[in-house]
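Asker: The structure file structure_20.pdb (PDB, C-alpha atoms) is provided below.
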```
ATOM      1  CA  LEU A 997     121.012 170.847  22.909
ATOM      2  CA  GLN A 998     121.303 170.832  19.149
ATOM      3  CA  GLN A 999     125.080 171.077  19.489
ATOM      4  CA  ALA A1000     125.294 168.292  22.158
ATOM      5  CA  LEU A1001     123.200 165.739  20.293
ATOM      6  CA  PRO A1002     125.654 165.149  17.440
ATOM      7  CA  ARG A1003     128.471 164.615  19.918
ATOM      8  CA  LEU A1004     126.519 161.965  21.829
ATOM      9  CA  ALA A1005     125.611 160.233  18.605
ATOM     10  CA  GLY A1006     129.267 160.136  17.598
ATOM     11  CA  GLY A1007     130.321 158.651  20.981
ATOM     12  CA  VAL A1008     127.719 155.898  20.796
ATOM     13  CA  ALA A1009     128.780 155.008  17.252
ATOM     14  CA  ALA A1010     132.410 154.785  18.327
ATOM     15  CA  MET A1011     131.553 152.398  21.211
ATOM     16  CA  VAL A1012     129.502 150.156  18.921
ATOM     17  CA  GLY A1013     132.359 150.023  16.442
ATOM     18  CA  LYS A1014     134.863 148.941  19.126
ATOM     19  CA  LYS A1015     132.584 146.069  20.203
ATOM     20  CA  ALA A1016     132.252 144.920  16.630
ATOM     21  CA  THR A1017     135.991 144.849  16.148
ATOM     22  CA  LYS A1018     136.446 142.774  19.369
ATOM     23  CA  LYS A1019     133.875 140.226  18.198
ATOM     24  CA  GLY A1020     135.412 140.029  14.797
ATOM     25  CA  LYS A1021     138.988 139.412  16.051
ATOM     26  CA  VAL A1022     140.369 135.847  15.593
ATOM     27  CA  LYS A1023     143.090 134.366  17.818
ATOM     28  CA  PRO A1024     146.271 133.520  15.961
ATOM     29  CA  LYS A1025     147.137 129.830  15.668
ATOM     30  CA  ALA A1026     150.043 128.525  17.748
ATOM     31  CA  SER A1027     153.127 127.770  15.784
ATOM     32  CA  LYS A1028     155.010 124.443  15.741
ATOM     33  CA  ALA A1029     157.841 125.916  17.832
ATOM     34  CA  SER A1030     155.447 126.970  20.593
ATOM     35  CA  LYS A1031     153.852 123.504  20.514
ATOM     36  CA  ALA A1032     157.303 121.894  20.808
ATOM     37  CA  SER A1033     158.165 124.131  23.794
ATOM     38  CA  LYS A1034     154.887 123.199  25.553
ATOM     39  CA  ALA A1035     155.465 119.410  25.102
ATOM     40  CA  PRO A1036     158.476 119.121  27.483
ATOM     41  CA  LYS A1037     156.566 121.173  30.069
ATOM     42  CA  ALA A1038     153.697 118.678  29.946
ATOM     43  CA  GLN A1039     156.123 115.750  30.235
ATOM     44  CA  LYS A1040     157.828 117.450  33.171
ATOM     45  CA  ALA A1041     154.491 117.932  34.891
ATOM     46  CA  GLU A1042     153.657 114.252  34.346
ATOM     47  CA  GLY A1043     157.093 113.245  35.764
ATOM     48  CA  ASP A1044     156.540 115.427  38.820
ATOM     49  CA  GLY A1045     153.183 113.757  39.378
ATOM     50  CA  GLU A1046     154.716 110.274  39.208
ATOM     51  CA  ALA A1047     157.509 111.301  41.598
ATOM     52  CA  LYS A1048     154.976 112.649  44.090
ATOM     53  CA  ALA A1049     153.005 109.409  43.857
ATOM     54  CA  LYS A1050     156.173 107.361  44.566
ATOM     55  CA  VAL A1051     157.045 109.570  47.538
ATOM     56  CA  ALA A1052     153.526 109.099  48.910
ATOM     57  CA  LYS A1053     153.828 105.282  48.561
ATOM     58  CA  VAL A1054     157.204 105.265  50.348
ATOM     59  CA  ALA A1055     155.767 107.394  53.168
ATOM     60  CA  LYS A1056     152.848 104.968  53.564
ATOM     61  CA  ALA A1057     155.227 101.995  53.632
ATOM     62  CA  GLU A1058     157.342 103.669  56.315
ATOM     63  CA  ASP A1059     154.254 104.371  58.379
ATOM     64  CA  SER A1060     153.145 100.725  58.096
ATOM     65  CA  GLU A1061     156.603  99.377  59.114
ATOM     66  CA  PRO A1062     157.342  99.025  62.895
ATOM     67  CA  LYS A1063     159.123 102.064  64.221
ATOM     68  CA  VAL A1064     162.722 101.580  65.278
ATOM     69  CA  ASP A1065     163.760 103.171  68.551
ATOM     70  CA  GLN A1066     165.591 106.345  67.904
ATOM     71  CA  GLU A1067     168.742 107.335  69.687
ATOM     72  CA  PRO A1068     168.098 108.136  73.344
ATOM     73  CA  SER A1069     167.902 111.773  74.199
ATOM     74  CA  VAL A1070     170.315 113.571  76.507
ATOM     75  CA  ALA A1071     167.889 113.303  79.437
ATOM     76  CA  ALA A1072     167.570 109.527  78.931
ATOM     77  CA  GLN A1073     171.360 109.162  78.809
ATOM     78  CA  GLU A1074     171.676 111.095  82.044
ATOM     79  CA  LYS A1075     169.099 108.832  83.692
ATOM     80  CA  ALA A1076     170.987 105.737  82.526
ATOM     81  CA  LYS A1077     174.164 106.895  84.293
ATOM     82  CA  PRO A1078     174.700 105.325  87.745
ATOM     83  CA  ARG A1079     174.127 107.482  90.776
ATOM     84  CA  LYS A1080     177.141 108.956  92.539
ATOM     85  CA  THR A1081     177.028 106.842  95.685
ATOM     86  CA  LYS A1082     179.901 105.537  97.803
ATOM     87  CA  ALA A1083     179.480 102.018  96.425
ATOM     88  CA  ASN A1084     179.576 103.214  92.805
ATOM     89  CA  ARG A1085     182.589 105.448  93.439
ATOM     90  CA  LEU A1086     184.436 102.549  95.069
ATOM     91  CA  LYS A1087     183.557 100.301  92.133
ATOM     92  CA  GLU A1088     184.836 102.874  89.627
ATOM     93  CA  ALA A1089     188.075 103.279  91.599
ATOM     94  CA  MET A1090     188.647  99.509  91.652
ATOM     95  CA  GLU A1091     187.991  99.256  87.908
ATOM     96  CA  ALA A1092     190.435 102.112  87.296
ATOM     97  CA  GLU A1093     193.064 100.296  89.327
ATOM     98  CA  GLU A1094     192.557  97.069  87.426
ATOM     99  CA  GLU A1095     192.850  98.749  83.998
ATOM    100  CA  PRO A1096     196.368  98.364  82.612
ATOM    101  CA  LYS A1097     198.165 101.668  82.083
ATOM    102  CA  GLU A1098     200.741 102.521  79.469
ATOM    103  CA  GLY A1099     204.363 101.999  80.393
ATOM    104  CA  GLU A1100     205.874  99.329  82.621
ATOM    105  CA  PRO A1101     203.311  96.732  83.766
ATOM    106  CA  LYS A1102     202.613  95.881  87.390
ATOM    107  CA  GLY A1103     204.381  93.001  89.106
ATOM    108  CA  VAL A1104     203.059  90.430  91.596
ATOM    109  CA  VAL A1105     205.085  88.652  94.297
ATOM    110  CA  TYR A1106     204.143  85.512  96.239
ATOM    111  CA  LEU A1107     205.188  85.554  99.901
ATOM    112  CA  GLY A1108     205.079  82.298 101.877
ATOM    113  CA  HIS A1109     206.011  81.015 105.365
ATOM    114  CA  ILE A1110     204.795  84.245 106.966
ATOM    115  CA  PRO A1111     205.271  84.201 110.765
ATOM    116  CA  ASP A1112     202.375  84.753 113.130
ATOM    117  CA  GLY A1113     201.841  88.427 113.926
ATOM    118  CA  PHE A1114     202.953  89.651 110.479
ATOM    119  CA  PHE A1115     199.588  90.850 109.152
ATOM    120  CA  GLU A1116     198.239  93.378 106.578
ATOM    121  CA  GLN A1117     199.526  96.537 108.264
ATOM    122  CA  GLN A1118     203.001  95.076 108.765
ATOM    123  CA  ILE A1119     203.123  93.772 105.176
ATOM    124  CA  LYS A1120     202.271  97.168 103.672
ATOM    125  CA  LYS A1121     204.660  99.070 105.942
ATOM    126  CA  TYR A1122     207.583  96.673 105.412
ATOM    127  CA  PHE A1123     207.337  96.228 101.631
ATOM    128  CA  SER A1124     206.613  99.906 100.905
ATOM    129  CA  GLN A1125     210.335 100.590 101.406
ATOM    130  CA  PHE A1126     211.038  98.808  98.088
ATOM    131  CA  GLY A1127     208.438 100.703  96.035
ATOM    132  CA  ASP A1128     204.800 101.659  95.642
ATOM    133  CA  VAL A1129     202.516  98.817  96.832
ATOM    134  CA  THR A1130     199.195  99.007  94.969
ATOM    135  CA  ARG A1131     197.407  95.939  96.352
ATOM    136  CA  PHE A1132     198.089  93.074  98.749
ATOM    137  CA  LYS A1133     196.070  90.160 100.075
ATOM    138  CA  LEU A1134     196.850  87.966 103.073
ATOM    139  CA  ALA A1135     195.108  84.585 102.936
ATOM    140  CA  ARG A1136     192.837  84.095 105.949
ATOM    141  CA  SER A1137     190.529  81.300 107.107
ATOM    142  CA  ARG A1138     186.813  81.948 106.744
ATOM    143  CA  LYS A1139     186.049  79.809 109.829
ATOM    144  CA  THR A1140     188.563  81.229 112.300
ATOM    145  CA  GLY A1141     189.786  84.430 110.629
ATOM    146  CA  GLY A1142     193.401  83.411 111.268
ATOM    147  CA  SER A1143     196.269  83.821 108.828
ATOM    148  CA  LYS A1144     197.099  80.911 106.516
ATOM    149  CA  GLY A1145     200.741  81.963 106.266
ATOM    150  CA  TYR A1146     200.958  83.235 102.677
ATOM    151  CA  ALA A1147     200.123  86.421 100.782
ATOM    152  CA  PHE A1148     200.279  88.112  97.370
ATOM    153  CA  ILE A1149     201.700  91.620  96.937
ATOM    154  CA  GLU A1150     201.335  93.792  93.832
ATOM    155  CA  PHE A1151     203.842  96.541  93.002
ATOM    156  CA  ARG A1152     203.309  99.370  90.552
ATOM    157  CA  GLN A1153     206.453  98.401  88.585
ATOM    158  CA  GLU A1154     207.437  94.899  87.476
ATOM    159  CA  SER A1155     211.159  95.577  87.939
ATOM    160  CA  VAL A1156     210.583  96.408  91.626
ATOM    161  CA  ALA A1157     208.683  93.135  92.114
ATOM    162  CA  LYS A1158     211.595  91.146  90.654
ATOM    163  CA  ILE A1159     214.065  92.921  92.983
ATOM    164  CA  VAL A1160     211.830  92.129  95.987
ATOM    165  CA  ALA A1161     211.645  88.450  94.974
ATOM    166  CA  GLN A1162     215.439  88.212  94.762
ATOM    167  CA  THR A1163     216.059  90.132  97.996
ATOM    168  CA  MET A1164     213.429  88.612 100.308
ATOM    169  CA  ASN A1165     213.692  84.977  99.213
ATOM    170  CA  LYS A1166     215.096  82.816 102.089
ATOM    171  CA  TYR A1167     215.068  85.844 104.377
ATOM    172  CA  ILE A1168     214.723  84.912 108.068
ATOM    173  CA  LEU A1169     211.855  86.755 109.734
ATOM    174  CA  GLY A1170     210.470  85.789 113.137
ATOM    175  CA  ASN A1171     212.273  82.404 113.271
ATOM    176  CA  LYS A1172     210.871  81.533 109.849
ATOM    177  CA  THR A1173     212.512  81.451 106.418
ATOM    178  CA  LEU A1174     210.422  83.386 103.915
ATOM    179  CA  VAL A1175     209.635  82.062 100.443
ATOM    180  CA  CYS A1176     209.398  84.955  97.972
ATOM    181  CA  THR A1177     208.928  84.376  94.236
ATOM    182  CA  PHE A1178     207.918  86.539  91.285
ATOM    183  CA  LYS A1179     204.618  85.585  89.621
ATOM    184  CA  PRO A1180     204.257  86.398  85.892
ATOM    185  CA  ARG A1181     201.015  87.980  84.761
ATOM    186  CA  GLU A1182     200.018  84.810  82.877
ATOM    187  CA  GLU A1183     200.064  82.762  86.097
ATOM    188  CA  CYS A1184     197.940  85.238  88.087
ATOM    189  CA  HIS A1185     194.202  84.643  88.302
ATOM    190  CA  PRO A1186     192.056  87.610  87.175
ATOM    191  CA  LYS A1187     190.323  87.645  90.596
ATOM    192  CA  LEU A1188     193.472  87.179  92.634
ATOM    193  CA  PHE A1189     192.990  90.436  94.558
ATOM    194  CA  SER A1190     189.177  90.422  94.705
ATOM    195  CA  GLY A1191     188.013  91.602  98.116
ATOM    196  CA  TRP A1192     191.496  92.597  99.227
ATOM    197  CA  ARG A1193     190.060  95.542 101.188
ATOM    198  CA  GLU A1194     187.689  93.241 103.106
ATOM    199  CA  GLU A1195     188.590  92.597 106.751
ATOM    200  CA  ILE A1196     187.987  88.991 107.843
ATOM    201  CA  SER A1197     187.472  88.701 111.597
ATOM    202  CA  ASP A1198     187.064  85.634 113.835
ATOM    203  CA  PRO A1199     183.371  84.582 113.624
ATOM    204  CA  ARG A1200     183.588  82.016 116.463
ATOM    205  CA  PRO A1201     182.782  84.349 119.411
ATOM    206  CA  ALA A1202     179.645  85.634 117.673
ATOM    207  CA  LYS A1203     178.517  82.071 116.864
ATOM    208  CA  ARG A1204     179.189  80.941 120.424
ATOM    209  CA  ALA A1205     177.240  83.879 121.884
ATOM    210  CA  LYS A1206     174.327  83.222 119.534
ATOM    211  CA  HIS A1207     174.232  79.524 120.492
ATOM    212  CA  MET A1208     174.351  80.308 124.212
ATOM    213  CA  LEU A1209     171.621  82.909 123.861
ATOM    214  CA  GLY A1210     169.383  80.465 122.004
ATOM    215  CA  PHE A1211     169.978  77.724 124.598
ATOM    216  CA  ASN A1212     169.581  79.852 127.730
ATOM    217  CA  ASP A1213     166.634  81.925 126.528
ATOM    218  CA  ARG A1214     164.416  78.969 125.707
ATOM    219  CA  PRO A1215     160.687  79.298 126.320
ATOM    220  CA  SER A1216     159.659  77.957 129.696
ATOM    221  CA  VAL A1217     156.834  75.561 130.559
ATOM    222  CA  GLU A1218     154.993  75.508 133.873
ATOM    223  CA  VAL A1219     155.175  72.075 135.531
ATOM    224  CA  ASP A1220     153.615  71.631 138.974
ATOM    225  CA  GLY A1221     153.702  75.368 139.520
ATOM    226  CA  GLN A1222     157.358  75.699 138.506
ATOM    227  CA  ALA A1223     158.788  77.284 135.351
ATOM    228  CA  VAL A1224     160.925  74.665 133.579
ATOM    229  CA  PRO A1225     162.830  75.418 130.332
ATOM    230  CA  GLN A1226     161.207  73.730 127.362
ATOM    231  CA  MET A1227     163.126  70.905 125.732
ATOM    232  CA  THR A1228     164.503  71.449 122.286
ATOM    233  CA  ASP A1229     163.697  69.224 119.307
ATOM    234  CA  GLU A1230     167.193  67.726 119.384
ATOM    235  CA  GLN A1231     166.833  66.795 123.050
ATOM    236  CA  VAL A1232     163.489  65.102 122.371
ATOM    237  CA  LYS A1233     164.934  63.116 119.443
ATOM    238  CA  ARG A1234     167.975  62.078 121.454
ATOM    239  CA  ARG A1235     165.836  60.881 124.391
ATOM    240  CA  ASP A1236     163.499  58.919 122.088
ATOM    241  CA  SER A1237     166.432  57.179 120.393
ATOM    242  CA  GLN A1238     167.912  56.235 123.776
ATOM    243  CA  LYS A1239     164.551  54.789 124.857
ATOM    244  CA  LYS A1240     164.304  52.666 121.716
ATOM    245  CA  LYS A1241     167.831  51.295 122.166
ATOM    246  CA  MET A1242     167.192  50.415 125.815
ATOM    247  CA  LYS A1243     163.870  48.698 125.002
ATOM    248  CA  ALA A1244     165.517  46.666 122.236
ATOM    249  CA  LYS A1245     168.262  45.480 124.644
ATOM    250  CA  LEU A1246     165.763  44.543 127.356
ATOM    251  CA  LYS A1247     163.631  42.658 124.853
ATOM    252  CA  GLN A1248     166.700  40.781 123.623
ATOM    253  CA  LEU A1249     167.560  39.796 127.219
ATOM    254  CA  GLU A1250     163.899  38.889 127.896
ATOM    255  CA  VAL A1251     163.609  41.299 130.762
ATOM    256  CA  ASP A1252     160.167  42.623 131.594
ATOM    257  CA  TYR A1253     160.826  46.195 132.550
ATOM    258  CA  ASP A1254     158.735  49.307 131.865
ATOM    259  CA  ILE A1255     161.123  52.133 131.079
ATOM    260  CA  ASP A1256     158.435  54.778 130.568
ATOM    261  CA  GLU A1257     157.079  54.287 134.078
ATOM    262  CA  VAL A1258     160.553  54.486 135.571
ATOM    263  CA  LEU A1259     161.458  57.624 133.658
ATOM    264  CA  GLU A1260     158.216  59.317 134.669
ATOM    265  CA  GLY A1261     158.835  58.400 138.314
ATOM    266  CA  ALA A1262     162.403  59.715 138.113
ATOM    267  CA  ALA A1263     161.125  62.973 136.713
ATOM    268  CA  ASP A1264     158.650  63.283 139.605
ATOM    269  CA  ASP A1265     161.419  62.542 142.111
ATOM    270  CA  GLU A1266     163.628  65.212 140.537
ATOM    271  CA  ALA A1267     160.808  67.758 140.738
ATOM    272  CA  GLU A1268     160.261  66.909 144.419
ATOM    273  CA  ALA A1269     163.992  67.130 145.152
ATOM    274  CA  GLU A1270     164.153  70.569 143.562
ATOM    275  CA  GLU A1271     161.426  71.856 145.897
ATOM    276  CA  PRO A1272     163.114  73.479 148.907
ATOM    277  CA  GLU A1273     162.184  71.939 152.256
ATOM    278  CA  VAL A1274     161.328  74.428 154.959
ATOM    279  CA  LYS A1275     162.575  73.261 158.350
ATOM    280  CA  GLN A1276     160.850  74.471 161.461
ATOM    281  CA  THR A1277     163.412  75.623 163.970
ATOM    282  CA  LYS A1278     162.465  75.721 167.641
ATOM    283  CA  LEU A1279     163.568  78.678 169.629
ATOM    284  CA  PRO A1280     165.383  77.893 172.913
ATOM    285  CA  LYS A1281     163.352  78.391 176.070
ATOM    286  CA  LYS A1282     164.330  81.239 178.298
ATOM    287  CA  LYS A1283     165.415  80.297 181.782
ATOM    288  CA  LYS A1284     163.485  81.795 184.626
ATOM    289  CA  ARG A1285     165.401  83.964 186.978
ATOM    290  CA  ARG A1286     165.539  82.829 190.540
ATOM    291  CA  ALA A1287     163.989  85.115 193.072
ATOM    292  CA  ALA A1288     166.513  86.859 195.299
ATOM    293  CA  SER A1289     166.705  85.314 198.792
ATOM    294  CA  SER A1290     165.731  87.565 201.639
ATOM    295  CA  THR A1291     168.416  88.167 204.227
TER     296      THR A1291
END
```
So that I can check it, write out the structure of this file as structure tokens.

Answerer:
Amino acid sequence: LQQALPRLAGGVAAMVGKKATKKGKVKPKASKASKASKAPKAQKAEGDGEAKAKVAKVAKAEDSEPKVDQEPSVAAQEKAKPRKTKANRLKEAMEAEEEPKEGEPKGVVYLGHIPDGFFEQQIKKYFSQFGDVTRFKLARSRKTGGSKGYAFIEFRQESVAKIVAQTMNKYILGNKTLVCTFKPREECHPKLFSGWREEISDPRPAKRAKHMLGFNDRPSVEVDGQAVPQMTDEQVKRRDSQKKKMKAKLKQLEVDYDIDEVLEGAADDEAEAEEPEVKQTKLPKKKKRRAASST
């Protein structure tokens, strides 16, 4: 113990001395060079703060402004595309035909004085021997569906169209002299061949059948136990106008005559006449046989 005590006392004194030296130490003052190096760092920090504030203001302004529609996505573009139906495919094909292609332009020919019986099939078959016929349109009447006697034919090459115009002009076909002329592109209407695939038929038979069906299948009215077809509005108007004219003439001639009573009586007579009369037929009497004479 006597040996250990001095050692402990020395250790405690050493620890106390270290603490005293730490308390007594003074921090060295910063030099001018270190101050100068810290100044730009402070300025840089202030600049960064201002920049961040500006960025925050710009972001707020953008948020407050109305949003502009961004470019549509791929899914939206696919939805916007037309569906692949027959009508759309036909429309695309027609637009592709109408688009001018590079090279020699197409040529159009006017054909007049076409004989009867020379229709679309005959036109395409006959003029295809000169070159490729792209489109053709025969003028037809919308009321009757008959040919008007002239047509327009389009060839793939303008030079072919000019040759056709020179060759077929004043050509005799079916006892008629054809008129064939070349039409420049400037003189052709943009919708010259619109609806050239459409077939125009004669609408008169369908109209006639519809009119007959409407007239014959009129609703019936029962008069005196008989079904009579109801009069149409036109028939009623026509009969009323005839009555008025007749009354005006009789009044002008000072004739006292009641037309309404006469017409009603005539109608009753007609109804009675239409009723079938049943005639009673008498059967012939049978002759009695004579009794045989006794011999």

Asker: Tell me which protein, DNA and RNA residues are within 12 Å of A:Asn1212, counting all atoms listed in the file, leaving out same-chain ones fewer than 2 positions away, and put them as number ranges by chain.

Answerer: A: 1205-1210, 1214-1216, 1224-1228

Asker: Just checking: using all atoms listed in the file, which residue out of A:Arg1235, A:Lys1080, A:Lys1102, A:Lys1247 ends up closest to A:Val1156?

Answerer: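 Distance minimum relative to A:Val1156 lands on A:Lys1102.
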
Asker: In Å, rounded to a single decimal, give me how far atom CA of A:Asp1112 is from atom CA of A:Gly1127.

Answerer: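 It comes out at 24.2 Å.
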
Asker: Would you kindly translate the PyMOL selection byres ((chain A and resi 1150) around 9) into the concrete residues it picks from this file, as a PyMOL selection string?

Answerer: chain A and resi 1102-1105+1128-1133+1148-1149+1151-1154+1157

Asker: Which value, in Å to one decimal, gives the distance between atom CA of A:Ala1161 and atom CA of A:Phe1178?

Answerer: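 Pair atom CA of A:Ala1161 / atom CA of A:Phe1178 returns 5.6 Å.
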
Asker: Point out the residue among A:Phe1211, A:Phe1189, A:Tyr1146, A:Tyr1253 with the least atom-to-atom distance to A:Tyr1106, counting all atoms listed in the file.

Answerer: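 Selected residue with least distance to A:Tyr1106: A:Tyr1146.
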
Asker: Name the residues in contact with A:Met1242 at a cut-off of 12 Å, using only C-alpha atoms, excluding same-chain residues fewer than 6 positions from it; report them as a VMD selection string.

Answerer: chain A and resid 1235 to 1236 1248 to 1249 1251 to 1256

Asker: Rounded to one decimal, what separation in Å do you get between atom CA of A:Ser1143 and atom CA of A:Leu1188?

Answerer: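 Taking atom CA of A:Ser1143 as the start and atom CA of A:Leu1188 as the end point, the length is 16.8 Å.
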
Asker: Could I see stretch 1137-1146 of chain A restored to all heavy atoms, set down as a tab-separated table (two decimals), keeping the file's coordinate frame?

Answerer:
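Contents of part17.tsv, as written:
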```tsv
chain	number	residue	atom	x	y	z
A	1137	SER	N	191.55	82.34	107.02
A	1137	SER	CA	190.53	81.30	107.11
A	1137	SER	C	189.16	81.93	107.31
A	1137	SER	O	189.01	82.86	108.12
A	1137	SER	CB	190.84	80.36	108.27
A	1137	SER	OG	189.78	79.45	108.47
A	1138	ARG	N	188.17	81.43	106.59
A	1138	ARG	CA	186.81	81.95	106.74
A	1138	ARG	C	186.18	81.47	108.05
A	1138	ARG	O	185.25	82.10	108.56
A	1138	ARG	CB	185.95	81.50	105.57
A	1138	ARG	CG	186.32	82.16	104.26
A	1138	ARG	CD	185.78	83.55	104.18
A	1138	ARG	NE	186.15	84.21	102.92
A	1138	ARG	CZ	185.81	85.44	102.62
A	1138	ARG	NH1	185.12	86.17	103.47
A	1138	ARG	NH2	186.19	85.99	101.48
A	1139	LYS	N	186.63	80.35	108.61
A	1139	LYS	CA	186.05	79.81	109.83
A	1139	LYS	C	186.61	80.47	111.08
A	1139	LYS	O	185.88	80.76	112.02
A	1139	LYS	CB	186.28	78.30	109.89
A	1139	LYS	CG	185.51	77.52	108.84
A	1139	LYS	CD	185.73	76.03	108.99
A	1139	LYS	CE	184.92	75.24	107.96
A	1139	LYS	NZ	185.15	73.79	108.11
A	1140	THR	N	187.92	80.68	111.10
A	1140	THR	CA	188.56	81.23	112.30
A	1140	THR	C	189.06	82.65	112.12
A	1140	THR	O	189.29	83.35	113.10
A	1140	THR	CB	189.75	80.34	112.70
A	1140	THR	OG1	190.73	80.35	111.64
A	1140	THR	CG2	189.30	78.91	112.93
A	1141	GLY	N	189.25	83.10	110.87
A	1141	GLY	CA	189.79	84.43	110.63
A	1141	GLY	C	191.29	84.52	110.80
A	1141	GLY	O	191.87	85.61	110.70
A	1142	GLY	N	191.95	83.41	111.07
A	1142	GLY	CA	193.40	83.41	111.27
A	1142	GLY	C	194.16	83.39	109.96
A	1142	GLY	O	193.63	83.02	108.90
A	1143	SER	N	195.43	83.78	110.03
A	1143	SER	CA	196.27	83.82	108.83
A	1143	SER	C	196.65	82.41	108.39
A	1143	SER	O	196.92	81.53	109.22
A	1143	SER	CB	197.53	84.64	109.13
A	1143	SER	OG	198.45	84.54	108.05
A	1144	LYS	N	196.68	82.20	107.08
A	1144	LYS	CA	197.10	80.91	106.52
A	1144	LYS	C	198.59	80.85	106.22
A	1144	LYS	O	199.09	79.80	105.81
A	1144	LYS	CB	196.32	80.63	105.22
A	1144	LYS	CG	194.85	80.34	105.46
A	1144	LYS	CD	194.17	79.95	104.16
A	1144	LYS	CE	192.71	79.61	104.39
A	1144	LYS	NZ	192.03	79.21	103.12
A	1145	GLY	N	199.29	81.98	106.39
A	1145	GLY	CA	200.74	81.96	106.27
A	1145	GLY	C	201.28	82.29	104.89
A	1145	GLY	O	202.48	82.10	104.65
A	1146	TYR	N	200.45	82.81	103.98
A	1146	TYR	CA	200.96	83.24	102.68
A	1146	TYR	C	200.15	84.43	102.19
A	1146	TYR	O	199.01	84.66	102.63
A	1146	TYR	CB	200.92	82.09	101.65
A	1146	TYR	CG	199.55	81.63	101.27
A	1146	TYR	CD1	198.89	82.16	100.16
A	1146	TYR	CD2	198.90	80.65	102.01
A	1146	TYR	CE1	197.63	81.74	99.81
A	1146	TYR	CE2	197.63	80.22	101.66
A	1146	TYR	CZ	197.00	80.76	100.56
A	1146	TYR	OH	195.75	80.34	100.21
```
